[in-house]
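K.L.:
Structure: structure_19.tsv, TSV, C-alpha atoms and all ligand atoms.
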chain	number	residue	atom	x	y	z
A	1	MET	CA	177.28	91.25	156.14
A	2	SER	CA	173.49	91.43	156.22
A	3	GLU	CA	171.59	89.83	153.37
A	4	LEU	CA	169.81	92.36	151.04
A	5	PRO	CA	166.01	91.92	150.93
A	6	ASP	CA	164.56	90.66	147.62
A	7	TRP	CA	162.87	93.94	146.77
A	8	GLN	CA	166.16	95.79	147.12
A	9	ILE	CA	167.83	93.42	144.71
A	10	GLU	CA	164.94	93.85	142.29
A	11	ILE	CA	165.16	97.65	142.43
A	12	ASP	CA	168.92	97.59	141.92
A	13	GLN	CA	168.46	95.35	138.90
A	14	ALA	CA	165.77	97.62	137.50
A	15	ALA	CA	168.18	100.54	137.78
A	16	ILE	CA	170.82	98.63	135.83
A	17	ARG	CA	168.31	97.46	133.22
A	18	TRP	CA	166.89	100.95	132.62
A	19	GLN	CA	170.37	102.43	132.46
A	20	ALA	CA	171.24	100.00	129.69
A	21	GLU	CA	168.05	100.72	127.78
A	22	ILE	CA	168.59	104.46	128.02
A	23	ASP	CA	172.15	104.17	126.78
A	24	ASP	CA	170.84	102.15	123.83
A	25	ALA	CA	168.16	104.66	122.81
A	26	ALA	CA	169.47	105.97	119.52
A	27	ALA	CA	166.76	108.48	118.67
A	28	LEU	CA	164.58	110.95	120.52
A	29	GLU	CA	161.37	109.06	119.70
A	30	ALA	CA	162.78	105.84	121.13
A	31	LEU	CA	163.83	107.70	124.25
A	32	ARG	CA	160.38	109.19	124.60
A	33	SER	CA	158.60	105.85	124.39
A	34	LEU	CA	161.05	104.39	126.85
A	35	GLU	CA	160.32	107.27	129.19
A	36	VAL	CA	156.61	106.47	129.02
A	37	ARG	CA	157.24	102.80	129.77
A	38	ALA	CA	159.49	103.60	132.70
A	39	LEU	CA	157.94	106.68	134.28
A	40	GLY	CA	154.50	107.20	132.69
A	41	LYS	CA	151.32	106.96	134.72
A	42	ALA	CA	151.00	103.28	133.85
A	43	GLY	CA	154.77	102.85	133.69
A	44	GLU	CA	156.86	100.27	135.50
A	45	ILE	CA	158.41	102.42	138.19
A	46	PRO	CA	155.26	104.19	139.48
A	47	GLY	CA	153.71	100.69	139.35
A	48	LEU	CA	156.21	99.43	141.93
A	49	MET	CA	154.45	101.49	144.60
A	50	LYS	CA	151.42	99.23	144.31
A	51	ARG	CA	153.47	96.48	145.85
A	52	ILE	CA	153.77	98.20	149.24
A	53	PRO	CA	151.15	95.90	150.85
A	54	GLN	CA	153.34	92.86	150.08
A	55	ILE	CA	156.48	94.38	151.63
A	56	PRO	CA	157.13	93.54	155.30
A	57	PRO	CA	155.91	96.49	157.39
A	58	GLN	CA	159.31	97.36	158.82
A	59	ASP	CA	160.70	97.66	155.26
A	60	ARG	CA	157.98	99.75	153.73
A	61	LYS	CA	159.53	103.12	154.38
A	62	ALA	CA	162.87	102.03	152.94
A	63	PHE	CA	161.08	100.47	149.96
A	64	GLY	CA	159.21	103.70	149.20
A	65	GLN	CA	162.39	105.72	149.42
A	66	ALA	CA	164.20	103.28	147.16
A	67	VAL	CA	161.45	103.49	144.52
A	68	ASN	CA	161.52	107.29	144.66
A	69	ALA	CA	165.28	107.29	144.30
A	70	LEU	CA	165.03	104.93	141.33
A	71	GLN	CA	162.46	107.17	139.70
A	72	ALA	CA	164.62	110.28	140.18
A	73	HIS	CA	167.68	108.48	138.91
A	74	VAL	CA	165.97	107.17	135.77
A	75	ALA	CA	164.42	110.59	135.05
A	76	ALA	CA	167.83	112.28	135.33
A	77	THR	CA	169.49	109.66	133.16
A	78	ILE	CA	166.83	110.07	130.46
A	79	GLU	CA	167.27	113.84	130.52
A	80	ALA	CA	171.03	113.51	130.17
A	81	ARG	CA	170.61	111.10	127.27
A	82	ARG	CA	168.15	113.51	125.63
A	83	GLN	CA	170.76	116.27	125.80
A	84	VAL	CA	173.29	114.04	124.09
A	85	LEU	CA	170.83	113.13	121.31
A	86	VAL	CA	169.76	116.73	120.73
A	87	GLU	CA	173.35	117.86	120.51
A	88	ALA	CA	174.11	115.09	118.05
A	89	LEU	CA	171.17	116.24	115.91
A	90	ILE	CA	172.41	119.82	115.91
A	91	ALA	CA	175.94	118.69	115.11
A	92	ALA	CA	174.58	116.70	112.16
A	93	GLU	CA	172.70	119.72	110.88
A	94	LEU	CA	175.82	121.83	111.10
A	95	GLN	CA	177.60	119.28	108.90
A	96	ASP	CA	174.99	119.86	106.21
A	97	ALA	CA	176.62	121.89	103.45
A	98	THR	CA	173.39	123.78	102.73
A	99	PHE	CA	173.07	125.00	106.31
A	100	ASP	CA	174.23	128.55	106.91
A	101	PRO	CA	174.44	129.40	110.62
A	102	ALA	CA	175.08	133.05	109.77
A	103	ALA	CA	171.90	133.43	107.69
A	104	VAL	CA	169.63	136.25	108.87
A	105	ALA	CA	166.48	134.89	110.47
A	106	LEU	CA	163.19	136.22	109.13
A	107	PRO	CA	161.37	138.20	111.81
A	108	LEU	CA	158.58	136.20	113.41
A	109	LYS	CA	155.15	137.36	112.34
A	110	LEU	CA	152.66	137.25	115.16
A	111	GLY	CA	148.96	137.15	114.40
A	112	HIS	CA	146.30	139.07	116.30
A	113	PRO	CA	142.52	139.25	116.38
A	114	HIS	CA	140.79	140.91	113.46
A	115	PRO	CA	139.40	144.36	114.37
A	116	LEU	CA	135.88	143.02	113.79
A	117	SER	CA	136.52	140.31	116.37
A	118	THR	CA	137.97	142.81	118.83
A	119	VAL	CA	134.98	145.15	118.65
A	120	GLN	CA	132.53	142.23	118.70
A	121	ALA	CA	134.18	140.86	121.84
A	122	ASP	CA	133.91	144.31	123.48
A	123	ILE	CA	130.21	144.49	122.63
A	124	GLU	CA	129.61	141.00	123.95
A	125	ALA	CA	131.35	141.91	127.20
A	126	ILE	CA	129.23	145.03	127.66
A	127	PHE	CA	125.96	143.23	126.99
A	128	THR	CA	126.85	140.15	129.01
A	129	SER	CA	127.45	142.46	131.96
A	130	MET	CA	123.89	143.76	131.47
A	131	GLY	CA	122.42	140.26	131.57
A	132	PHE	CA	122.15	139.57	127.84
A	133	HIS	CA	122.65	136.12	126.29
A	134	VAL	CA	125.04	136.00	123.33
A	135	LEU	CA	123.46	133.81	120.63
A	136	ASP	CA	124.70	132.40	117.35
A	137	TYR	CA	122.10	131.79	114.64
A	138	PRO	CA	122.41	130.30	111.14
A	139	GLU	CA	123.57	132.34	108.17
A	140	ILE	CA	121.36	130.27	105.87
A	141	GLU	CA	117.82	131.12	106.84
A	142	SER	CA	114.27	130.41	105.83
A	143	GLU	CA	112.20	133.04	104.09
A	144	PHE	CA	109.94	132.86	107.12
A	145	ASP	CA	112.57	133.84	109.70
A	146	ASN	CA	114.24	136.46	107.53
A	147	PHE	CA	111.03	138.10	106.23
A	148	GLU	CA	107.58	136.71	107.05
A	149	ALA	CA	108.05	136.48	110.79
A	150	LEU	CA	109.31	140.04	110.77
A	151	ASN	CA	106.10	141.40	109.35
A	152	ILE	CA	107.54	141.60	105.84
A	153	PRO	CA	105.14	139.61	103.62
A	154	GLY	CA	106.07	138.68	100.05
A	155	TRP	CA	104.33	141.60	98.43
A	156	HIS	CA	105.75	144.12	100.85
A	157	PRO	CA	107.91	146.82	99.26
A	158	ALA	CA	110.32	146.59	102.18
A	159	ARG	CA	111.70	143.38	100.69
A	160	GLU	CA	113.38	145.51	98.11
A	161	MET	CA	115.33	147.29	100.82
A	162	GLN	CA	117.39	144.17	101.15
A	163	ASP	CA	118.37	142.53	97.92
A	164	THR	CA	118.68	138.92	98.72
A	165	PHE	CA	120.91	136.03	97.76
A	166	TRP	CA	118.41	133.22	97.21
A	167	LEU	CA	119.46	129.58	97.29
A	168	GLU	CA	117.98	126.99	94.97
A	169	SER	CA	116.40	125.27	97.96
A	170	GLY	CA	114.26	128.36	98.54
A	171	HIS	CA	116.36	129.30	101.56
A	172	LEU	CA	118.40	132.47	101.56
A	173	LEU	CA	121.52	134.01	103.03
A	174	ARG	CA	120.19	136.10	105.88
A	175	THR	CA	120.05	139.75	104.93
A	176	HIS	CA	120.07	140.90	108.52
A	177	THR	CA	120.59	139.46	111.99
A	178	SER	CA	116.95	140.32	112.70
A	179	ALA	CA	116.31	136.85	111.22
A	180	GLY	CA	117.13	135.52	114.68
A	181	GLN	CA	114.47	137.53	116.52
A	182	VAL	CA	111.62	135.05	116.29
A	183	ARG	CA	113.99	132.12	116.81
A	184	ALA	CA	115.09	133.72	120.07
A	185	MET	CA	111.49	134.27	121.18
A	186	HIS	CA	110.81	130.58	120.68
A	187	GLN	CA	114.06	129.58	122.35
A	188	PHE	CA	113.73	131.54	125.58
A	189	PRO	CA	110.76	132.07	127.85
A	190	ALA	CA	109.95	135.76	128.27
A	191	PRO	CA	111.31	137.96	129.71
A	192	PHE	CA	114.79	137.65	128.23
A	193	ARG	CA	117.46	139.75	126.61
A	194	ALA	CA	119.94	138.66	124.00
A	195	ILE	CA	122.33	139.86	121.34
A	196	PHE	CA	123.19	137.87	118.23
A	197	PRO	CA	126.21	139.02	116.28
A	198	GLY	CA	127.04	137.67	112.86
A	199	LYS	CA	127.63	137.93	109.16
A	200	VAL	CA	124.86	139.09	106.84
A	201	TYR	CA	124.65	139.13	103.06
A	202	ARG	CA	123.17	141.53	100.52
A	203	TYR	CA	123.12	141.18	96.78
A	204	GLU	CA	124.29	144.65	95.95
A	205	ALA	CA	126.99	146.61	94.22
A	206	THR	CA	129.90	147.35	96.53
A	207	ASP	CA	131.46	150.70	97.24
A	208	ALA	CA	133.29	152.37	100.11
A	209	SER	CA	130.25	152.11	102.37
A	210	HIS	CA	128.60	148.96	100.99
A	211	GLU	CA	129.81	145.41	101.04
A	212	HIS	CA	127.93	142.25	100.02
A	213	THR	CA	129.06	140.54	103.21
A	214	PHE	CA	129.19	142.50	106.41
A	215	HIS	CA	128.63	142.19	110.13
A	216	GLN	CA	125.77	143.18	112.36
A	217	VAL	CA	124.87	142.72	115.99
A	218	GLU	CA	121.19	142.29	116.73
A	219	GLY	CA	119.90	143.21	120.15
A	220	LEU	CA	116.57	142.05	121.50
A	221	MET	CA	115.00	142.68	124.84
A	222	ILE	CA	111.60	141.26	125.75
A	223	ASP	CA	109.90	142.33	128.93
A	224	ARG	CA	106.59	143.49	130.37
A	225	LYS	CA	107.33	147.20	130.27
A	226	VAL	CA	109.76	148.40	127.68
A	227	SER	CA	110.24	152.01	126.67
A	228	VAL	CA	111.98	154.01	123.97
A	229	GLY	CA	113.82	155.81	126.78
A	230	HIS	CA	115.35	152.56	127.95
A	231	LEU	CA	116.30	151.62	124.41
A	232	LEU	CA	118.06	154.92	123.77
A	233	ASP	CA	119.85	154.82	127.08
A	234	SER	CA	121.21	151.35	126.32
A	235	MET	CA	122.35	152.53	122.89
A	236	ARG	CA	124.17	155.49	124.38
A	237	THR	CA	125.92	153.28	126.95
A	238	LEU	CA	126.99	150.96	124.19
A	239	LEU	CA	128.36	153.62	121.87
A	240	SER	CA	130.39	155.53	124.41
A	241	ALA	CA	131.81	152.29	125.82
A	242	ILE	CA	132.86	151.07	122.38
A	243	LEU	CA	134.14	154.29	120.88
A	244	GLN	CA	135.72	155.38	124.16
A	245	ARG	CA	134.80	158.99	123.57
A	246	GLU	CA	131.76	161.24	123.54
A	247	VAL	CA	130.09	160.98	120.17
A	248	GLU	CA	127.43	163.18	118.68
A	249	ILE	CA	124.31	161.18	117.85
A	250	ARG	CA	121.04	162.08	116.23
A	251	LEU	CA	117.78	160.24	116.08
A	252	ARG	CA	115.46	160.16	113.12
A	253	PRO	CA	112.27	158.28	112.56
A	254	GLY	CA	113.08	155.17	110.53
A	255	TYR	CA	110.83	152.68	108.84
A	256	PHE	CA	111.25	148.96	109.36
A	257	PRO	CA	108.18	146.73	109.20
A	258	PHE	CA	109.24	144.85	112.33
A	259	VAL	CA	109.41	147.83	114.70
A	260	GLU	CA	106.91	150.46	115.67
A	261	PRO	CA	107.97	153.15	116.29
A	262	GLY	CA	111.25	152.74	114.43
A	263	PHE	CA	114.34	154.92	114.52
A	264	GLU	CA	117.58	155.51	112.74
A	265	LEU	CA	120.35	156.42	115.10
A	266	ASP	CA	123.17	158.22	113.30
A	267	ILE	CA	126.54	159.18	114.65
A	268	ARG	CA	128.82	161.97	113.54
A	269	CYS	CA	131.32	160.43	111.12
A	270	GLN	CA	134.49	159.68	113.07
A	271	VAL	CA	136.61	159.37	109.94
A	272	CYS	CA	136.12	162.95	108.68
A	273	ALA	CA	134.69	164.54	111.88
A	274	GLY	CA	131.62	165.52	109.87
A	275	ASP	CA	133.27	167.19	106.89
A	276	GLY	CA	132.08	164.47	104.53
A	277	CYS	CA	134.13	161.54	103.22
A	278	SER	CA	133.78	158.20	101.43
A	279	ALA	CA	132.86	156.37	104.65
A	280	CYS	CA	129.79	158.55	105.25
A	281	LYS	CA	128.91	159.15	101.62
A	282	ARG	CA	129.92	162.82	102.15
A	283	ARG	CA	127.06	163.32	104.58
A	284	GLY	CA	129.04	163.80	107.75
A	285	TRP	CA	126.66	161.39	109.50
A	286	LEU	CA	126.54	157.63	109.44
A	287	GLU	CA	123.53	155.38	109.91
A	288	LEU	CA	124.77	153.09	112.60
A	289	LEU	CA	122.01	151.78	114.73
A	290	PRO	CA	118.51	151.27	113.41
A	291	CYS	CA	116.23	150.34	116.28
A	292	GLY	CA	112.72	150.48	117.65
A	293	LEU	CA	110.02	148.78	119.66
A	294	VAL	CA	109.20	145.27	118.47
A	295	HIS	CA	106.07	145.22	116.30
A	296	PRO	CA	103.10	143.32	117.79
A	297	ASN	CA	103.00	141.04	114.73
A	298	VAL	CA	106.57	139.98	115.39
A	299	LEU	CA	105.77	139.23	119.02
A	300	ARG	CA	102.86	137.12	117.83
A	301	ALA	CA	105.08	135.25	115.37
A	302	GLY	CA	107.33	134.53	118.34
A	303	GLY	CA	104.42	133.10	120.32
A	304	LEU	CA	104.15	136.11	122.65
A	305	ASP	CA	100.97	137.97	123.50
A	306	PRO	CA	101.51	141.66	122.65
A	307	GLU	CA	99.01	142.58	125.37
A	308	GLU	CA	101.40	141.12	127.91
A	309	TRP	CA	104.86	141.44	126.36
A	310	GLN	CA	106.79	144.23	124.70
A	311	GLY	CA	110.27	144.50	123.37
A	312	TRP	CA	112.91	146.62	121.79
A	313	ALA	CA	115.37	145.65	119.12
A	314	PHE	CA	118.35	147.16	117.40
A	315	GLY	CA	120.47	146.13	114.46
A	316	LEU	CA	123.93	147.54	114.99
A	317	GLY	CA	126.13	147.88	111.93
A	318	LEU	CA	129.21	146.22	113.38
A	319	SER	CA	131.31	146.82	110.26
A	320	ARG	CA	130.47	150.52	110.39
A	321	LEU	CA	131.19	150.72	114.07
A	322	VAL	CA	134.63	149.22	113.45
A	323	MET	CA	135.19	151.83	110.74
A	324	MET	CA	134.20	154.60	113.14
A	325	ARG	CA	136.32	153.31	115.97
A	326	TYR	CA	139.49	152.98	113.92
A	327	GLY	CA	138.87	155.59	111.22
A	328	VAL	CA	138.69	153.04	108.36
A	329	PRO	CA	137.58	154.87	105.19
A	330	ASP	CA	136.38	151.86	103.15
A	331	VAL	CA	134.27	148.94	104.34
A	332	ARG	CA	135.81	146.65	101.72
A	333	LEU	CA	139.10	146.76	103.60
A	334	LEU	CA	137.57	144.83	106.50
A	335	MET	CA	136.93	141.56	104.68
A	336	GLY	CA	139.58	142.05	101.99
A	337	GLY	CA	142.20	140.01	103.80
A	338	ASP	CA	145.00	142.41	102.91
A	339	LEU	CA	147.73	141.98	105.50
A	340	ARG	CA	149.09	145.46	104.88
A	341	PHE	CA	145.78	146.74	106.20
A	342	LEU	CA	145.24	144.17	108.96
A	343	SER	CA	148.72	144.44	110.41
A	344	GLN	CA	147.99	148.02	111.44
A	345	PHE	CA	145.75	146.91	114.30
A	401	LIG	N1	117.46	144.55	110.43
A	401	LIG	C1	117.50	145.94	110.04
A	401	LIG	C2	118.51	146.09	108.91
A	401	LIG	O1	119.42	145.33	108.79
A	401	LIG	C3	117.93	146.81	111.18
A	401	LIG	C4	117.02	146.83	112.35
A	401	LIG	C5	117.16	145.90	113.38
A	401	LIG	C6	116.05	147.81	112.49
A	401	LIG	C7	116.34	145.93	114.49
A	401	LIG	C8	115.24	147.86	113.58
A	401	LIG	C9	115.37	146.93	114.57
A	401	LIG	O2	118.40	146.99	108.12
Can the structure in the file be given as structure tokens, please?
P.N.:
Amino acid sequence: MSELPDWQIEIDQAAIRWQAEIDDAAALEALRSLEVRALGKAGEIPGLMKRIPQIPPQDRKAFGQAVNALQAHVAATIEARRQVLVEALIAAELQDATFDPAAVALPLKLGHPHPLSTVQADIEAIFTSMGFHVLDYPEIESEFDNFEALNIPGWHPAREMQDTFWLESGHLLRTHTSAGQVRAMHQFPAPFRAIFPGKVYRYEATDASHEHTFHQVEGLMIDRKVSVGHLLDSMRTLLSAILQREVEIRLRPGYFPFVEPGFELDIRCQVCAGDGCSACKRRGWLELLPCGLVHPNVLRAGGLDPEEWQGWAFGLGLSRLVMMRYGVPDVRLLMGGDLRFLSQF
């Protein structure tokens, strides 16, 4: 009878030792930590392979195979032990007098993205494909970024268009995503294009078409030659891609101190098809997309020379767009957190 090599004896003993430990593991946690010690990356059995250089060359193949076999054997033994422990746990639960195996299970409730998130993600995808950055700017802003930089000085009547939540620090909750325009101009060398979606706040009475907290997506494109035609074409692409149908739009001149010329882009109300409803204040049309060419003063505030650079900007009413896409009659439903409403999407 040939003498067994030392390493073989050692492996056989390891198998016996692990078998005993596994049989002794009385709980799943103990089994798990044992598994890590035996088979984990830094565990004992994978560690055996490091000894190959010390094994006589003619034995190395057999040694490797023996270690692999040990590993497989220990893994299978652990799995079998785990089965036994799990079954014991279930059996114990069944013994529990308060456990009723015939009880009707409550249906699982699966979550899903909020409609605002869905539409925002669609918009981001469309604009990313056109080379736009997607930026995230603060909701607490300085008076400068929200107003001054946008050509809205303190005495300007336009400040009343946006009743503001002021903070004691003198900062404010941004009243529009336009607050990011000058930040973006300082952040990126021209030319660039970016959208910045986010929450905005207005201190105003709420009704079916007004909410104190709502969502906008700002768009800003800075380049050497920028035209109203290009702006409108981008807006049309956006709207038909998001609403997935042809929509009637109309353009009116609109006044915003930070654009010149400025426009209001309205769409035919998709909730009432133009008959007039709460969503469109009975007008049949909805202001959805104010936009225009960036005012030279704003370019200057952003450190750009208006002789060299131009831009267009839009401030999409994301909340309204969601209402139009899904036919939601009241903006307050969007942030109301009512699951009866949200589970319809
Ligand atoms: N910031 C404006 C608002 O919220 C909308 C706007 C954005 C208008 C960009 C023109 C250009 O009312």
K.L.:
Pick the closest to ligand LIG 401 (chain A) from A:Arg283, A:Ser169, A:Asn146, A:Asp305: which is it, counting only C-alpha atoms and all ligand atoms?
P.N.:
A:Asn146
K.L.:
Find the residues near A:Glu79: any atom within 10 Å, counting all atoms listed in the file, skip ones fewer than 4 places away on the same chain, and give them as a ChimeraX atom specification.
P.N.:
/A:22,31,35,73-75,83-85
K.L.:
Which of these residues is nearest to ligand LIG 401 (chain A), using all atoms listed in the file: A:Leu135, A:Ala184, A:Leu289, A:Ala102?
P.N.:
A:Leu289
K.L.:
Let me have all residues with an atom within 7 Å of ligand LIG 401 (chain A), counting all atoms listed in the file, laid out as a list of chain:residue names.
P.N.:
A:Thr175, A:His176, A:Thr177, A:Ser178, A:Glu218, A:Phe256, A:Phe258, A:Val259, A:Gly262, A:Pro290, A:Cys291, A:Gly292, A:Ala313, A:Phe314, A:Gly315
K.L.:
To one decimal place in Å, what is the distance between atom CA of A:Leu286 and atom CA of A:Arg268?
P.N.:
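Taking atom CA of A:Leu286 and atom CA of A:Arg268, their separation equals 6.4 Å.
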K.L.:
For each of A:Gly311, A:Pro253, A:Ile267, A:Leu89, take the minimum atom-to-atom distance to A:Ala194, counting only C-alpha atoms, then give the residue where this is smallest.
P.N.:
A:Gly311
K.L.:
For a test of reading the model, state the distance in Å between atom CA of A:Ile78 and atom CA of A:Gly40, rounded to one decimal.
P.N.:
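Here the two named atoms are 12.9 Å from each other.
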K.L.:
From (137.4, 151.8, 118.0), in the file's coordinates, out to 9 Å: which residues are reached, counting only C-alpha atoms? Answer as a ChimeraX atom specification.
P.N.:
/A:115,119,242-244,321-327
K.L.:
Let me make sure I understand: among A:Glu211, A:Val182, A:Lys281, A:Asp330, which one has the smallest atom-to-atom distance to A:Val294 if we use only C-alpha atoms?
P.N.:
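Comparing A:Glu211, A:Val182, A:Lys281, A:Asp330 against A:Val294, the winner is A:Val182.
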K.L.:
Counting only C-alpha atoms, which of A:Ile222, A:Ile140, A:Leu232, A:Leu108 gets nearest to A:Leu167?
P.N.:
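Selected residue with least distance to A:Leu167: A:Ile140.
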K.L.:
Could you tell me, as a ChimeraX atom specification, which residues have any atom at most 12 Å from (113.5, 147.4, 99.4), counting only C-alpha atoms?
P.N.:
/A:147,152,154-164,175,202-204,255-257
K.L.:
Distance atom CA of A:Gln270-atom CA of A:Ile249, one decimal place?
P.N.:
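Interatomic distance here is 11.3 Å.
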K.L.:
For A:Asp207, list every protein, DNA or RNA residue within 12 Å, evaluated using only C-alpha atoms, and leave out those in the same chain fewer than 6 positions away; present the list as JSON, numbers by chain.
P.N.:
{"A": [278, 279, 280, 281, 329, 330, 331, 332, 333]}
